[in-house]
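Taking it in order: structure first as structure tokens, then the write-up.
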Amino acid sequence: MDTKRPLASKLKGKKVVVKFGGSSIGGAAELEQFAQDISFLVSLGIRPIVVHGGGPEINDELKRRGLAVKKIAGLRITDDATLEVAADVLCAINHQIVEALEGAGLKVVGMAGAECDTVRCKKIAPTNAKDENGKEVSVDLGNVGEIIRVDPARLNLLAASGFVPVIYPICSAGKGVIMNVNADTMAAHIAKAVRSQELILVTDVPGIMRVFGKEETIIRSATVDEIDALIADGIVSGGMIPKVEACMIAVKGGVARAHMVCGRQKSVIVDALLSDEAHGTVITR
């Protein structure tokens with residue numbers, strides 16, 4: 001056994017889902033490192049499935065096209081123009097990731113969740129929020145979907161055939177309708193559907209912190225019940241809630257461990273999956 005990678009043999013032949021976005025990876029050098037990490041996992045007989053988002057890049061492209069980032073009560077509205085931009089940007093990011101992975105010697109298939117009806121969604125219900133006056137309002141988020149089904153057949157076939165699927169969260173709502181969905185949530189549902197051994201969310205923070213911004217307060221491990229308590233106590237809040245909720249969807253669905261790690265740390269994906277050392281936050285059942 002490789003003493004530096006004690007968990008490598010346990011993951012051989014297993015699927016792992018890795019989700020990241022542009023803000024967590026950085027520039028070309030970081031993307032190249034990411035590709036090398038995925039290549040290393042494949043060399044050990046592990047079968048990674050990559051899911052990515054692209055929120056910051058979508059905002060940048062909206063501004064470049066002279067389109068406003070529309071928000072109501074702090075929630076982004078995905079109108080038809082915004083959806084078109086999101087689809088274009090996510091497709092472009094997908095091509096970049098595919099090229100990087102191919103450059104690392106891997107066989108890769110890039111795809112939207114909508115392809116082959118792999119990820120089916122429905123329009124998300126209006127969300128309750130408070131406006132600038134503190135008044136509760138109902139907000140229609142537009143072309144935003146919530147996942148209702150994942151068909152794992154194509155992903156399982158690709159992984160078993162030695163390909164790395166790279167998926168972005170433009171999904172089918174049926175009858176030719178597409179919607180944008182949360183990439184963290186999609187990664188969790190995919191991990192559950194393909195019976196992934198592990199889920200790893202690569203973020204721009206080092207994990208769940210009891211005191212935000214203080215790395216010495218990182219919570220290294222937590223159960224689903226403990227996460228519920230952290231949300232109730234306000235320790236997990238804001239943009240971290242969808243991420244930890246995604247982790248809970250995965251582990252409740254049979255994934256052994258869900259990790260939240262910082263993409264700025266070199267080879268953090270490999271280290272989190274294959275070593276006994278603590279990296280970020282690990283959530284278990």
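Chain identifiers are assigned as A, B, and so on, following the order in which chains appear in the structure tokens; residues are numbered from 1 within each chain, and ligands are numbered from 1 in order of appearance.
Residues in contact with Ser267 (chain A) at up to 8 Å, not including ones fewer than 4 positions away on its chain and judged by only C-alpha atoms, are Gln33, Phe34, Asp37 and Asp271 of chain A.
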Saved selection, atoms kept: C-alpha atoms, as a PDB file, in the first residue's frame:
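Writing done, so here's result.pdb:
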ATOM      1  CA  GLN A  33      -3.024  21.326 -12.083  1.00  0.00           C
ATOM      2  CA  PHE A  34      -6.654  20.260 -11.817  1.00  0.00           C
ATOM      3  CA  ASP A  37      -4.957  15.672 -10.449  1.00  0.00           C
ATOM      4  CA  ASP A 271      -5.052  14.682  -0.942  1.00  0.00           C
TER       5      ASP A 271
END
DSSP-assigned strand (DSSP E) members of region 17-205 of chain A, reported as an NGL selection string: :A and (17-20 or 47-52 or 71-72 or 75-76 or 107-112 or 119-123 or 127-130 or 136-139 or 145-150 or 163-168 or 170-174 or 177-180 or 198-203)
Which residue of A:Leu157, A:Ile72, A:Ile283, A:Ile93 approaches Glu132 (chain A) most closely, using only C-alpha atoms: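 Smallest distance to Glu132 (chain A) is found for A:Ile72.
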Determine, counting only C-alpha atoms, which protein, DNA and RNA residues have an atom within 7 Å of an atom of Lys19 (chain A); residues of the same chain fewer than 4 positions away are not included. Present the result as a tab-separated table (two decimals) with C-alpha atoms, in the first residue's frame.
chain	number	residue	atom	x	y	z
A	50	VAL	CA	-16.57	16.20	-13.27
A	51	VAL	CA	-19.34	18.76	-12.75
A	52	HIS	CA	-18.71	22.49	-13.13
A	184	ASP	CA	-23.53	21.96	-6.43
A	187	ALA	CA	-23.29	17.28	-8.56
A	200	ILE	CA	-15.90	16.54	-3.52
A	201	LEU	CA	-16.96	20.17	-3.86
A	202	VAL	CA	-14.02	22.40	-4.75
All residues 7 Å or closer to Val109 (chain A), only C-alpha atoms, same chain fewer than 6 positions away omitted, as a ChimeraX atom specification: /A:163-166
Point-to-point distance from CA of Glu146 (chain A) to CA of Leu90 (chain A), Å rounded to tenths: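 Separation between CA of Glu146 (chain A) and CA of Leu90 (chain A): 17.8 Å.
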Coordinates-based distance that separates CA of Ala173 (chain A) from CA of Val139 (chain A) (Å, one decimal):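 Answer for the CA of Val139 (chain A) to CA of Ala173 (chain A) separation: 19.8 Å.
Closest approach to Lys107 (chain A) among A:Glu136, A:Arg154, A:Ile49, A:Gly145 is made by A:Ile49 (distances from only C-alpha atoms).
Between CA of Lys243 (chain A) and CA of Val255 (chain A) the separation is 15.2 Å.
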Polymer residues at most 10 Å from Asp228 (chain A), only C-alpha atoms, same-chain spacing of 5 or more positions, as a ChimeraX atom specification: /A:222-223,233,236,244-245,248
Selected residues, N, CA and C atoms, written as a PDB file, in the first residue's frame, please.
ATOM      1  N   ALA A 222     -18.214  16.457  10.131  1.00  0.00           N
ATOM      2  CA  ALA A 222     -19.542  16.673  10.697  1.00  0.00           C
ATOM      3  C   ALA A 222     -20.504  15.659  10.107  1.00  0.00           C
ATOM      4  N   THR A 223     -21.483  15.275  10.901  1.00  0.00           N
ATOM      5  CA  THR A 223     -22.555  14.413  10.412  1.00  0.00           C
ATOM      6  C   THR A 223     -23.692  15.288   9.883  1.00  0.00           C
ATOM      7  N   ASP A 233     -28.060  27.260  13.967  1.00  0.00           N
ATOM      8  CA  ASP A 233     -27.335  28.212  14.819  1.00  0.00           C
ATOM      9  C   ASP A 233     -26.772  29.397  14.037  1.00  0.00           C
ATOM     10  N   VAL A 236     -23.554  28.093   9.613  1.00  0.00           N
ATOM     11  CA  VAL A 236     -23.604  27.911   8.151  1.00  0.00           C
ATOM     12  C   VAL A 236     -24.729  28.806   7.638  1.00  0.00           C
ATOM     13  N   VAL A 244     -23.565  22.932   1.574  1.00  0.00           N
ATOM     14  CA  VAL A 244     -23.704  21.886   2.588  1.00  0.00           C
ATOM     15  C   VAL A 244     -24.978  21.071   2.359  1.00  0.00           C
ATOM     16  N   GLU A 245     -26.015  21.702   1.846  1.00  0.00           N
ATOM     17  CA  GLU A 245     -27.229  20.950   1.526  1.00  0.00           C
ATOM     18  C   GLU A 245     -26.963  19.941   0.411  1.00  0.00           C
ATOM     19  N   MET A 248     -25.330  17.015   1.941  1.00  0.00           N
ATOM     20  CA  MET A 248     -26.281  16.185   2.675  1.00  0.00           C
ATOM     21  C   MET A 248     -27.142  15.348   1.726  1.00  0.00           C
TER      22      MET A 248
END
Pick from A:Val137, A:Ala81, A:Ala191, A:Ile208 nearest to Val282 (chain A), counting only C-alpha atoms: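 Selected residue with least distance to Val282 (chain A): A:Ile208.
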Alpha helix (DSSP H) call set, DSSP backbone run, region 31-89 of chain A, as a ChimeraX atom specification: /A:31-43,55-64,80-89
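If you measure from each of A:Gln96, A:Ser172, A:Gln197, A:Thr127 to Pro48 (chain A) using only C-alpha atoms, the closest one turns out to be A:Gln197.
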Counting only C-alpha atoms, the option among A:Ile77, A:Thr82, A:Val224, A:Ile97 closest to Gly27 (chain A):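 Once distances to Gly27 (chain A) are computed over only C-alpha atoms, the minimum belongs to A:Ile97.
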Shell of 12 Å around Glu32 (chain A), only C-alpha atoms, local chain residues under 5 positions omitted, as a ChimeraX atom specification: /A:25-27,37-39,96-105,266-267
Output of the above residues as an mmCIF file, in the first residue's frame, restricted to C-alpha atoms:
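The resulting file, selection06.cif, is reproduced below:
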data_model
loop_
_atom_site.group_PDB
_atom_site.id
_atom_site.type_symbol
_atom_site.label_atom_id
_atom_site.label_comp_id
_atom_site.auth_asym_id
_atom_site.auth_seq_id
_atom_site.Cartn_x
_atom_site.Cartn_y
_atom_site.Cartn_z
ATOM 1 C CA ILE A 25 -9.789 26.969 -9.772
ATOM 2 C CA GLY A 26 -8.336 30.289 -10.934
ATOM 3 C CA GLY A 27 -6.309 30.673 -14.133
ATOM 4 C CA ASP A 37 -4.957 15.672 -10.449
ATOM 5 C CA ILE A 38 -7.838 14.087 -12.362
ATOM 6 C CA SER A 39 -5.336 12.235 -14.550
ATOM 7 C CA GLN A 96 -11.749 24.657 -21.770
ATOM 8 C CA ILE A 97 -11.950 21.906 -19.170
ATOM 9 C CA VAL A 98 -12.243 19.197 -21.800
ATOM 10 C CA GLU A 99 -9.157 20.543 -23.593
ATOM 11 C CA ALA A 100 -7.190 20.665 -20.332
ATOM 12 C CA LEU A 101 -8.107 17.090 -19.450
ATOM 13 C CA GLU A 102 -7.327 15.882 -22.967
ATOM 14 C CA GLY A 103 -3.989 17.672 -22.657
ATOM 15 C CA ALA A 104 -3.336 15.524 -19.592
ATOM 16 C CA GLY A 105 -3.844 12.411 -21.714
ATOM 17 C CA LYS A 266 -2.317 22.412 -4.683
ATOM 18 C CA SER A 267 -3.492 18.830 -5.325
#
